[in-house]
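A.B. asks: For reference, the file my_file-v3.txt (compact mmCIF, C-alpha atoms) is included below:
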# COMPACT_ATOMS: atom_id res chain seq x y z
CA MET A 1 -10.50 4.11 22.57
CA SER A 2 -6.99 5.50 22.17
CA PHE A 3 -5.63 6.73 18.84
CA LEU A 4 -3.15 3.85 18.80
CA LYS A 5 -5.78 1.16 19.33
CA ARG A 6 -8.11 2.67 16.70
CA MET A 7 -5.29 2.81 14.15
CA LYS A 8 -4.15 -0.76 14.84
CA GLU A 9 -7.68 -2.20 14.55
CA LYS A 10 -8.30 -0.28 11.32
CA LEU A 11 -5.03 -1.33 9.72
CA MET A 12 -4.76 -4.93 10.82
CA GLY A 13 -8.40 -6.00 10.40
CA ALA A 14 -9.11 -9.62 11.28
CA LYS A 15 -6.15 -11.71 12.34
CA PRO A 16 -5.05 -14.41 9.85
CA GLU A 17 -6.41 -17.27 11.97
CA GLU A 18 -9.79 -15.50 12.21
CA LEU A 19 -9.85 -15.09 8.43
CA GLU A 20 -9.14 -18.81 7.99
CA VAL A 21 -11.97 -20.02 10.22
CA GLN A 22 -14.47 -17.54 8.79
CA SER A 23 -13.56 -18.59 5.27
CA VAL A 24 -13.92 -22.29 6.00
CA GLU A 25 -17.32 -21.80 7.64
CA THR A 26 -18.49 -19.68 4.70
CA ILE A 27 -17.39 -22.29 2.16
CA VAL A 28 -18.92 -25.16 4.09
CA GLU A 29 -22.23 -23.37 4.66
CA LYS A 30 -22.44 -22.89 0.89
CA GLN A 31 -21.85 -26.62 0.42
CA VAL A 32 -24.60 -27.33 2.90
CA ASP A 33 -26.99 -25.11 0.93
CA ASP A 34 -26.15 -27.04 -2.23
CA ILE A 35 -26.55 -30.62 -0.97
CA VAL A 36 -28.79 -30.57 2.10
CA GLU A 37 -32.46 -29.77 2.31
CA PRO A 38 -33.31 -26.58 4.32
CA ALA A 39 -34.81 -28.55 7.20
CA GLU A 40 -31.59 -30.57 7.52
CA GLN A 41 -29.10 -27.66 7.19
CA GLU A 42 -28.87 -26.92 10.90
CA VAL A 43 -27.73 -30.44 11.74
CA ALA A 44 -25.15 -30.48 8.96
CA VAL A 45 -23.72 -27.03 9.75
CA GLN A 46 -23.32 -27.98 13.38
CA THR A 47 -21.31 -31.02 12.28
CA VAL A 48 -19.12 -28.86 10.03
CA GLN A 49 -18.49 -26.28 12.74
CA THR A 50 -17.34 -29.09 15.00
CA VAL A 51 -14.67 -29.93 12.42
CA VAL A 52 -13.61 -26.30 11.92
CA THR A 53 -13.40 -25.47 15.63
CA PRO A 54 -12.66 -28.70 17.50
CA GLU A 55 -14.07 -28.90 21.01
CA VAL A 56 -14.70 -31.63 23.55
CA VAL A 57 -18.17 -32.92 22.63
CA GLU A 58 -20.27 -35.37 24.56
CA GLU A 59 -21.37 -38.61 22.92
CA PRO A 60 -24.68 -38.13 21.06
CA ILE A 61 -27.75 -39.46 22.85
CA ALA A 62 -30.19 -41.57 20.93
CA SER A 63 -33.31 -39.60 20.11
CA GLU A 64 -36.80 -40.31 18.97
CA GLN A 65 -35.76 -39.29 15.42
CA ALA A 66 -33.74 -42.48 14.98
CA PRO A 67 -35.64 -43.61 11.85
CA GLN A 68 -34.50 -40.43 10.01
CA ASP A 69 -30.89 -40.65 11.16
CA GLU A 70 -29.73 -42.84 8.31
CA LYS A 71 -30.60 -40.27 5.66
CA VAL A 72 -29.20 -37.31 7.59
CA GLN A 73 -26.10 -39.23 8.63
CA SER A 74 -25.14 -39.97 5.05
CA LYS A 75 -25.36 -36.33 4.13
CA GLU A 76 -23.48 -35.34 7.26
CA GLU A 77 -20.70 -37.70 6.27
CA ILE A 78 -20.54 -36.12 2.83
CA VAL A 79 -20.36 -32.60 4.29
CA VAL A 80 -17.80 -33.55 6.93
CA GLU A 81 -15.62 -35.26 4.34
CA GLU A 82 -15.70 -32.26 2.02
CA SER A 83 -15.21 -29.76 4.84
CA THR A 84 -12.19 -31.68 6.09
CA THR A 85 -10.61 -31.24 2.65
CA GLU A 86 -11.21 -27.50 2.83
CA VAL A 87 -9.66 -27.28 6.31
CA VAL A 88 -6.46 -28.85 5.00
CA LYS A 89 -6.49 -26.48 2.07
CA VAL A 90 -6.55 -23.32 4.18
CA GLU A 91 -3.68 -24.35 6.41
CA GLU A 92 -1.63 -21.97 4.25
CA PRO A 93 -2.74 -18.60 5.68
CA GLN A 94 -1.12 -16.45 3.01
CA GLU A 95 -3.07 -18.15 0.22
CA GLN A 96 -6.30 -17.49 2.08
CA GLU A 97 -5.43 -13.92 3.07
CA GLU A 98 -4.61 -12.84 -0.45
CA LYS A 99 -8.21 -13.09 -1.63
CA LYS A 100 -9.76 -10.50 0.62
CA SER A 101 -9.61 -7.03 -0.90
CA LYS A 102 -10.10 -5.22 -4.20
CA TRP A 103 -6.38 -5.60 -4.90
CA GLY A 104 -6.23 -9.21 -3.69
CA PHE A 105 -4.91 -8.64 -0.17
CA SER A 106 -6.37 -8.48 3.31
CA ALA A 107 -5.93 -5.39 5.49
CA PHE A 108 -3.57 -7.45 7.64
CA SER A 109 -1.26 -8.49 4.79
CA ILE A 110 -1.12 -4.97 3.26
CA THR A 111 -0.16 -3.51 6.63
CA GLU A 112 2.51 -6.20 6.99
CA LYS A 113 3.93 -5.18 3.59
CA PHE A 114 4.34 -1.60 4.81
CA LYS A 115 5.88 -2.85 8.05
CA ALA A 116 8.37 -5.05 6.19
CA GLY A 117 9.12 -2.42 3.52
CA LEU A 118 9.98 0.22 6.12
CA GLU A 119 12.15 -2.11 8.20
CA LYS A 120 15.43 -0.36 7.37
CA THR A 121 14.03 3.05 8.23
CA ARG A 122 12.44 1.70 11.40
CA ASP A 123 15.60 -0.08 12.53
CA SER A 124 17.64 3.09 12.05
CA PHE A 125 15.16 5.69 13.24
CA THR A 126 13.26 3.82 15.97
CA SER A 127 16.42 2.51 17.61
CA LYS A 128 17.69 6.08 17.90
CA VAL A 129 14.36 7.28 19.31
CA ASN A 130 14.43 4.41 21.82
CA ASP A 131 17.93 5.41 22.88
CA LEU A 132 16.75 8.99 23.24
CA VAL A 133 13.77 7.94 25.37
CA ALA A 134 16.07 5.82 27.54
CA ARG A 135 18.41 8.75 28.16
CA TYR A 136 15.66 11.27 28.85
CA ARG A 137 13.17 10.13 31.44
CA THR A 138 11.33 13.44 31.30
CA VAL A 139 10.14 15.51 28.35
CA ASP A 140 12.09 18.78 28.29
CA GLU A 141 13.53 21.18 25.73
CA ASP A 142 16.77 19.19 25.36
CA PHE A 143 14.69 16.12 24.51
CA PHE A 144 12.77 18.05 21.84
CA GLU A 145 15.98 19.37 20.26
CA GLU A 146 17.50 15.91 19.95
CA LEU A 147 14.24 14.48 18.60
CA GLU A 148 14.21 17.26 16.02
CA ASP A 149 17.69 16.27 14.84
CA LEU A 150 16.66 12.61 14.54
CA LEU A 151 13.65 13.50 12.39
CA LEU A 152 15.76 15.65 10.10
CA GLN A 153 18.28 12.82 9.71
CA ALA A 154 15.42 10.56 8.59
CA ASP A 155 14.67 13.04 5.75
CA VAL A 156 11.28 13.99 7.17
CA GLY A 157 11.92 17.52 5.92
CA PHE A 158 12.53 20.83 7.68
CA GLU A 159 9.01 22.26 7.32
CA THR A 160 7.37 19.04 8.47
CA VAL A 161 9.71 18.69 11.44
CA MET A 162 9.08 22.28 12.59
CA GLU A 163 5.33 21.80 12.36
CA LEU A 164 5.56 18.49 14.19
CA MET A 165 7.67 19.92 17.01
CA ASP A 166 5.15 22.74 17.55
CA LYS A 167 2.33 20.23 17.76
CA LEU A 168 4.27 17.98 20.14
CA ARG A 169 5.13 20.83 22.47
CA PHE A 170 1.49 21.92 22.57
CA GLU A 171 0.23 18.38 23.19
CA VAL A 172 2.77 17.72 25.94
CA GLN A 173 1.75 20.95 27.65
CA ARG A 174 -1.97 20.30 27.18
CA GLN A 175 -1.80 16.79 28.65
CA ASN A 176 0.85 17.79 31.22
CA ILE A 177 3.05 14.91 30.02
CA LYS A 178 6.24 14.46 32.01
CA ASP A 179 7.36 10.93 31.11
CA THR A 180 8.95 10.13 27.72
CA SER A 181 7.47 6.62 27.61
CA GLY A 182 4.78 6.41 24.95
CA ILE A 183 6.04 9.48 23.09
CA GLN A 184 6.13 7.45 19.84
CA SER A 185 2.34 7.18 19.91
CA ILE A 186 1.95 10.96 20.14
CA ILE A 187 4.52 11.48 17.36
CA SER A 188 2.59 9.02 15.16
CA GLU A 189 -0.73 10.72 15.82
CA LYS A 190 0.62 14.17 14.99
CA LEU A 191 2.38 12.98 11.82
CA VAL A 192 -0.90 11.48 10.59
CA GLU A 193 -2.64 14.79 11.34
CA ILE A 194 0.01 16.80 9.48
CA TYR A 195 -0.03 14.60 6.38
CA GLU A 196 -3.79 14.23 6.12
CA SER A 197 -4.45 17.93 6.79
CA SER A 198 -2.57 18.80 3.59
CA ASP A 199 -3.80 15.79 1.64
CA ASP A 200 -6.52 17.56 -0.34
CA GLU A 201 -6.08 15.39 -3.43
CA SER A 202 -7.07 11.77 -3.88
CA ILE A 203 -4.45 9.05 -4.23
CA GLU A 204 -6.82 7.13 -6.51
CA LEU A 205 -5.82 6.91 -10.16
CA ASN A 206 -7.96 9.02 -12.49
CA ILE A 207 -9.35 6.06 -14.44
CA GLN A 208 -11.91 6.97 -17.12
CA ASP A 209 -14.98 4.73 -17.13
CA GLY A 210 -15.71 3.35 -20.58
CA GLU A 211 -12.92 5.34 -22.22
CA LEU A 212 -9.18 4.97 -22.80
CA THR A 213 -7.15 6.20 -19.81
CA VAL A 214 -3.65 7.50 -20.60
CA ILE A 215 -1.03 7.43 -17.84
CA LEU A 216 2.26 9.20 -18.59
CA PHE A 217 5.33 8.16 -16.56
CA VAL A 218 8.22 10.60 -16.09
CA GLY A 219 11.43 10.42 -14.04
CA VAL A 220 15.20 10.32 -14.39
CA ASN A 221 17.05 7.22 -15.52
CA GLY A 222 17.78 4.64 -12.84
CA VAL A 223 14.88 5.34 -10.48
CA GLY A 224 13.01 2.14 -11.38
CA LYS A 225 10.53 3.77 -13.75
CA THR A 226 10.27 0.88 -16.21
CA THR A 227 9.94 -1.69 -13.43
CA THR A 228 7.21 0.40 -11.81
CA ILE A 229 5.33 0.60 -15.12
CA GLY A 230 5.38 -3.19 -15.33
CA LYS A 231 4.14 -3.59 -11.77
CA LEU A 232 1.35 -1.04 -12.29
CA ALA A 233 0.29 -2.84 -15.46
CA HIS A 234 0.10 -6.04 -13.42
CA ARG A 235 -2.09 -4.35 -10.78
CA LEU A 236 -4.48 -2.98 -13.38
CA LYS A 237 -4.70 -6.36 -15.10
CA GLN A 238 -5.54 -7.95 -11.75
CA GLU A 239 -8.39 -5.48 -11.54
CA GLY A 240 -9.72 -6.74 -14.86
CA LYS A 241 -8.54 -3.95 -17.13
CA SER A 242 -6.85 -4.42 -20.50
CA VAL A 243 -3.52 -2.58 -20.62
CA ILE A 244 -1.10 -1.53 -23.36
CA LEU A 245 2.40 -0.10 -22.83
CA ALA A 246 4.11 2.54 -24.97
CA ALA A 247 7.93 2.41 -25.15
CA GLY A 248 8.53 6.18 -25.30
CA ASP A 249 12.03 6.10 -23.80
CA THR A 250 13.73 5.72 -27.17
CA PHE A 251 17.10 7.22 -26.21
CA ARG A 252 18.36 5.07 -23.33
CA ALA A 253 20.09 1.93 -24.52
CA GLY A 254 18.06 -1.13 -23.64
CA ALA A 255 15.00 0.79 -22.37
CA ILE A 256 12.73 -0.56 -25.12
CA ASP A 257 13.90 -4.14 -24.59
CA GLN A 258 13.46 -3.81 -20.83
CA LEU A 259 9.85 -2.66 -21.24
CA GLN A 260 9.24 -5.48 -23.74
CA VAL A 261 10.44 -8.02 -21.14
CA TRP A 262 8.02 -6.59 -18.60
CA GLY A 263 5.22 -6.66 -21.16
CA GLU A 264 5.81 -10.36 -21.79
CA ARG A 265 6.06 -11.07 -18.07
CA VAL A 266 2.78 -9.30 -17.29
CA GLY A 267 1.04 -10.40 -20.47
CA VAL A 268 0.38 -7.03 -22.10
CA GLU A 269 1.21 -5.64 -25.52
CA VAL A 270 4.06 -3.15 -25.97
CA ILE A 271 3.95 -0.58 -28.79
CA LYS A 272 7.49 0.38 -29.85
CA GLN A 273 9.67 1.73 -32.63
CA ALA A 274 13.38 1.56 -33.33
CA GLU A 275 15.85 3.00 -30.84
CA GLY A 276 16.34 6.74 -31.39
CA SER A 277 12.85 7.27 -32.82
CA ASP A 278 10.74 10.33 -32.01
CA PRO A 279 8.94 9.61 -28.68
CA ALA A 280 5.92 11.61 -29.82
CA ALA A 281 5.57 9.31 -32.86
CA VAL A 282 5.58 6.28 -30.53
CA MET A 283 2.78 7.87 -28.47
CA TYR A 284 0.74 8.49 -31.60
CA ASP A 285 1.08 4.86 -32.71
CA ALA A 286 0.30 3.61 -29.20
CA ILE A 287 -2.88 5.65 -28.90
CA ARG A 288 -4.14 4.45 -32.28
CA ALA A 289 -3.35 0.84 -31.33
CA ALA A 290 -5.03 1.18 -27.92
CA LYS A 291 -8.17 2.62 -29.51
CA ASN A 292 -8.31 -0.10 -32.19
CA ARG A 293 -7.92 -2.85 -29.60
CA GLY A 294 -10.41 -1.34 -27.18
CA ALA A 295 -7.86 -1.11 -24.37
CA ASP A 296 -8.81 0.40 -21.01
CA VAL A 297 -5.43 1.86 -20.03
CA LEU A 298 -2.37 3.02 -21.97
CA ILE A 299 0.79 3.49 -19.85
CA CYS A 300 3.47 5.57 -21.56
CA ASP A 301 7.18 5.48 -20.71
CA THR A 302 9.31 8.57 -21.40
CA ALA A 303 13.00 9.48 -21.47
CA GLY A 304 14.59 10.60 -18.22
CA ARG A 305 17.38 12.94 -19.24
CA LEU A 306 18.04 15.89 -16.94
CA GLN A 307 21.32 17.09 -18.44
CA ASN A 308 19.49 19.80 -20.34
CA LYS A 309 16.28 20.96 -18.72
CA VAL A 310 15.20 22.90 -21.83
CA ASN A 311 15.35 19.78 -24.03
CA LEU A 312 13.50 17.78 -21.38
CA MET A 313 10.72 20.34 -21.18
CA ASN A 314 10.43 20.63 -24.95
CA GLU A 315 10.27 16.86 -25.38
CA LEU A 316 7.64 16.38 -22.68
CA GLU A 317 5.59 19.27 -24.05
CA LYS A 318 5.62 17.67 -27.51
CA VAL A 319 4.58 14.27 -26.13
CA HIS A 320 1.84 15.93 -24.07
CA ARG A 321 0.62 17.86 -27.12
CA VAL A 322 0.35 14.73 -29.28
CA ILE A 323 -1.53 12.82 -26.57
CA SER A 324 -4.01 15.63 -25.87
CA ARG A 325 -4.61 16.15 -29.59
CA GLU A 326 -5.65 12.52 -30.01
CA ILE A 327 -7.55 12.28 -26.69
CA PRO A 328 -8.95 15.48 -25.15
CA ASN A 329 -8.04 15.97 -21.45
CA ALA A 330 -5.30 13.34 -21.71
CA PRO A 331 -2.94 12.35 -20.22
CA HIS A 332 -5.25 11.69 -17.31
CA GLU A 333 -2.33 11.01 -14.96
CA VAL A 334 1.29 12.18 -15.04
CA LEU A 335 3.14 10.03 -12.51
CA LEU A 336 6.66 10.97 -11.41
CA ALA A 337 8.86 8.06 -10.32
CA LEU A 338 11.33 8.99 -7.57
CA ASP A 339 13.99 6.83 -5.93
CA ALA A 340 13.50 6.97 -2.14
CA THR A 341 17.16 6.06 -1.55
CA THR A 342 18.30 9.41 -3.01
CA GLY A 343 16.78 11.30 -0.06
CA GLN A 344 16.69 15.07 -0.44
CA ASN A 345 17.90 14.80 -4.06
CA ALA A 346 14.47 13.35 -4.89
CA LEU A 347 12.98 16.73 -3.94
CA VAL A 348 15.20 18.46 -6.51
CA GLN A 349 14.11 16.01 -9.22
CA ALA A 350 10.46 16.45 -8.27
CA GLN A 351 10.74 20.23 -8.49
CA THR A 352 12.35 20.00 -11.96
CA PHE A 353 9.68 17.72 -13.39
CA LYS A 354 6.93 19.74 -11.74
CA GLU A 355 8.17 22.74 -13.73
CA ALA A 356 8.40 20.69 -16.93
CA THR A 357 4.99 19.04 -16.81
CA ASN A 358 1.82 18.90 -14.74
CA VAL A 359 2.73 16.08 -12.34
CA THR A 360 -0.46 14.67 -10.78
CA GLY A 361 1.11 12.09 -8.50
CA ILE A 362 4.35 10.54 -7.28
CA VAL A 363 5.45 6.91 -7.21
CA LEU A 364 8.18 6.49 -4.62
CA THR A 365 10.30 3.49 -5.55
CA LYS A 366 12.77 1.44 -3.46
CA LEU A 367 11.28 2.58 -0.15
CA ASP A 368 12.35 -0.76 1.30
CA GLY A 369 15.98 -0.01 0.44
CA THR A 370 16.48 3.19 2.43
CA ALA A 371 16.99 4.04 6.08
CA LYS A 372 15.54 7.51 5.41
CA GLY A 373 11.94 6.72 4.57
CA GLY A 374 10.78 10.02 6.05
CA ILE A 375 11.24 11.51 2.56
CA VAL A 376 7.57 10.65 1.88
CA LEU A 377 6.46 13.34 4.33
CA ALA A 378 8.94 15.89 2.98
CA ILE A 379 7.75 15.41 -0.61
CA ARG A 380 4.07 15.78 0.21
CA ASN A 381 4.50 18.72 2.56
CA LYS A 382 6.94 20.67 0.39
CA LEU A 383 5.64 20.03 -3.14
CA HIS A 384 1.93 19.42 -2.40
CA ILE A 385 1.84 16.50 -4.82
CA PRO A 386 0.16 13.32 -3.55
CA VAL A 387 2.27 10.18 -3.23
CA LYS A 388 0.02 7.66 -4.99
CA PHE A 389 2.14 4.49 -4.88
CA VAL A 390 5.18 3.23 -2.99
CA GLY A 391 7.57 0.41 -3.85
CA LEU A 392 7.94 -1.90 -0.85
CA GLY A 393 9.99 -4.72 -2.37
CA GLU A 394 11.04 -6.61 -5.48
CA LYS A 395 7.94 -8.77 -5.94
CA MET A 396 5.33 -8.02 -8.57
CA ASP A 397 2.74 -7.14 -5.92
CA ASP A 398 5.04 -4.98 -3.78
CA LEU A 399 3.85 -1.79 -5.51
CA GLN A 400 1.14 -0.60 -3.13
CA PRO A 401 -1.17 2.43 -3.03
CA PHE A 402 0.18 4.85 -0.45
CA ASP A 403 -1.66 4.87 2.87
CA THR A 404 -0.75 7.49 5.47
CA GLU A 405 -1.62 5.46 8.56
CA ARG A 406 0.05 2.29 7.29
CA TYR A 407 3.14 4.32 6.47
CA ILE A 408 3.28 5.95 9.91
CA TYR A 409 2.65 2.59 11.57
CA GLY A 410 5.50 1.10 9.50
CA LEU A 411 7.85 3.78 10.86
CA PHE A 412 7.06 3.05 14.52
CA ALA A 413 5.59 -0.48 14.43
CA ASP A 414 7.72 -2.13 17.11
CA ALA A 415 7.41 0.68 19.65
CA LEU A 416 3.68 1.12 18.96
CA ASP A 417 3.01 -2.61 19.37
CA GLN A 418 4.80 -2.59 22.72
CA GLN A 419 2.88 0.46 23.92
CA LEU A 420 -0.46 -1.02 22.82
CA ALA A 421 0.32 -4.23 24.70
CA LYS A 422 0.99 -2.17 27.84
CA GLU A 423 -2.29 -0.28 27.40
CA GLU A 424 -4.24 -3.52 27.02
CA GLU A 425 -2.52 -5.01 30.06
CA LEU A 426 -3.46 -1.98 32.17
CA ASN A 427 -7.06 -2.13 30.98
CA GLU A 428 -7.32 -5.77 32.02
CA GLN A 429 -6.12 -5.04 35.54
What's the C-alpha cells form of this structure?
C.D. replies:
Amino acid sequence: MSFLKRMKEKLMGAKPEELEVQSVETIVEKQVDDIVEPAEQEVAVQTVQTVVTPEVVEEPIASEQAPQDEKVQSKEEIVVEESTTEVVKVEEPQEQEEKKSKWGFSAFSITEKFKAGLEKTRDSFTSKVNDLVARYRTVDEDFFEELEDLLLQADVGFETVMELMDKLRFEVQRQNIKDTSGIQSIISEKLVEIYESSDDESIELNIQDGELTVILFVGVNGVGKTTTIGKLAHRLKQEGKSVILAAGDTFRAGAIDQLQVWGERVGVEVIKQAEGSDPAAVMYDAIRAAKNRGADVLICDTAGRLQNKVNLMNELEKVHRVISREIPNAPHEVLLALDATTGQNALVQAQTFKEATNVTGIVLTKLDGTAKGGIVLAIRNKLHIPVKFVGLGEKMDDLQPFDTERYIYGLFADALDQQLAKEEELNEQ
C-alpha cells in the first residue's frame, strides 16, 4: 500500500455514511436485546437490518411456524417502529459523527477541520505548486529551485526547506523519477518524516492524575491568548475535568473582563482581582481557590508585554516562583500562544519567551486566517518546541490537538486526493 493510501485511510477512518449505518445497527441490536427473547433475536435483527439497508426482498413464504408468528410479529413491529425513528434521527451526519472519539469527533471530521482550516494556505501554496508542475514536465534542477522558493514563501523555514530539498533530490534519484506528476505525494511523505523525526516530545498535555494541574499561558497581546484559554477550558470540561481560570493579565485594559466572559460562556469559575493588581497575588489566590474546590485544572493567563524584556522576565519568574512554592513541580505546562498570521515574526516571539520561561508547548492560533501555514514546520524545526494545539476557526471546538499527518494532508489535500483517485483507477484496471 502506498504512503498516500495509508495516510488517507488512517486520517479519514470510516466514511460518514458508514458511521451512520453502523450506529443505527448498533442501537437497534441493543433494543433487540432489551425487548426480544434470545431465541427470537435473529428474526428481529434481520427485520431491522432490512430497514437500515433497504434491498429488494421477496415476499415471505408461509412456514410451519405459523402458530408462533403472531407473537414474533408483534415484537418485530415494535422493533421496526423504533428503528425507523432512529433512522430518521441519524439523517444528520454531523450529529452522529461528533460522538466518536475521546474529544467528541470522528477521525473523518477532525481531518476535515484541518482541511478547512488550512484552506487559505492550500489555495495559495498548492495552486503555485500546480502551476510549477504544469510548466515543468520533468524533474530537474530548475524545478527544484523554484519549488524551494515556493516553500520559503509559505514560511516553511530555511532549515526545513533545505532538509526537504535534500531528501527530495535523493528520492527522485533513487526511484529514477522523471515526471513531475505526483510530486506532491513525495513532498508530503518527506515533510512527515522531517517533522516526526524531530518530534521527540509528546503533544499530550501533562495532566496530573488525582492532583491539581497548573497550565500557564504566555504570549504577546493580540495573539488570541484569552480566547484560546477559553477554548481549552471547554475541551477539558468536555473531557469531564473541573477547571478554574486565573485572570493574571492585570495590566491590559479589558483583559480581566474578557476572561470573565469566556468563563461564563464555558461555565467555569474565574479568580480575579482589580485591574493593576500584582499577577503573582492573583496566582496565589487562584491556587488556594482551586485546592479548596477540588479542581482538576487551573489555567493561568499572564500579561503579554514585550516592550521591556527584563520586566517581562522578572514578572514571569515571580509568577513561576509563587506557583512552584504552592505546588511543587508546577506549572506542569507553559503554553506559548503564537499568531500564525504573523509568519516569521512568530519565531522571534517564541525565542523571546523561550528565554524568559521554560516553554513546554506552543498553541498556534488563527491558522485558518493565513496563507503561510508552513510556519508550523519552521517553529518545530528551529525551536524544538512541540506544537500542541492549533486554532482552525472561530468555533468553540476549532482548537484541535496538532497532528502532523493531518496538517500535511491539509496543505496538499486537493492534489493528494486527485493522485489517490488516479492510483485507485490504475489498480482497478
A.B. asks: Skip segment 282-296 of chain A itself and residues of its chain fewer than 3 positions away, then list as a compact mmCIF listing (two decimals) with C-alpha atoms, keeping the file's coordinate frame all residues within 8 Å of it, counting all atoms listed in the file.
C.D. replies:
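Output below, filename part.txt:
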# COMPACT_ATOMS: atom_id res chain seq x y z
CA GLY A 210 -15.71 3.35 -20.58
CA GLU A 211 -12.92 5.34 -22.22
CA LEU A 212 -9.18 4.97 -22.80
CA THR A 213 -7.15 6.20 -19.81
CA LYS A 241 -8.54 -3.95 -17.13
CA SER A 242 -6.85 -4.42 -20.50
CA VAL A 243 -3.52 -2.58 -20.62
CA ILE A 244 -1.10 -1.53 -23.36
CA LEU A 245 2.40 -0.10 -22.83
CA ALA A 246 4.11 2.54 -24.97
CA ALA A 247 7.93 2.41 -25.15
CA GLY A 248 8.53 6.18 -25.30
CA ILE A 271 3.95 -0.58 -28.79
CA LYS A 272 7.49 0.38 -29.85
CA GLN A 273 9.67 1.73 -32.63
CA SER A 277 12.85 7.27 -32.82
CA ASP A 278 10.74 10.33 -32.01
CA PRO A 279 8.94 9.61 -28.68
CA CYS A 300 3.47 5.57 -21.56
CA VAL A 319 4.58 14.27 -26.13
CA VAL A 322 0.35 14.73 -29.28
CA ILE A 323 -1.53 12.82 -26.57
CA GLU A 326 -5.65 12.52 -30.01
A.B. asks: Atom CA of Glu141 of chain A to atom CA of Ile183 of chain A: how many Å, to one decimal?
C.D. replies: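 Between atom CA of Glu141 of chain A and atom CA of Ile183 of chain A the gap is 14.1 Å.
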A.B. asks: With distances taken over only C-alpha atoms, which of A:Ile187, A:Val359, A:Ala116, A:Val220 is nearest to Gly391 of chain A?
C.D. replies: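 Going through A:Ile187, A:Val359, A:Ala116, A:Val220 one by one, the smallest distance to Gly391 of chain A is for A:Ala116.
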A.B. asks: State, in Å with one decimal place, the distance from atom CA of Gly219 of chain A to atom CA of Val192 of chain A.
C.D. replies: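 We find that atom CA of Gly219 of chain A and atom CA of Val192 of chain A lie 27.6 Å from each other.
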A.B. asks: Given the choices A:Thr365, A:Gln153, A:Ile379, A:Gly182, which gets closest to Asn130 of chain A if the distance is worked out from only C-alpha atoms?
C.D. replies: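 Looking at the shortest contact to Asn130 of chain A, the residue is A:Gly182.
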A.B. asks: So the first atom is atom CA of Arg122 of chain A and the second is atom CA of Glu159 of chain A; what is the distance between them in Å, to one decimal place?
C.D. replies: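 Result for atom CA of Arg122 of chain A versus atom CA of Glu159 of chain A: 21.2 Å, one decimal.
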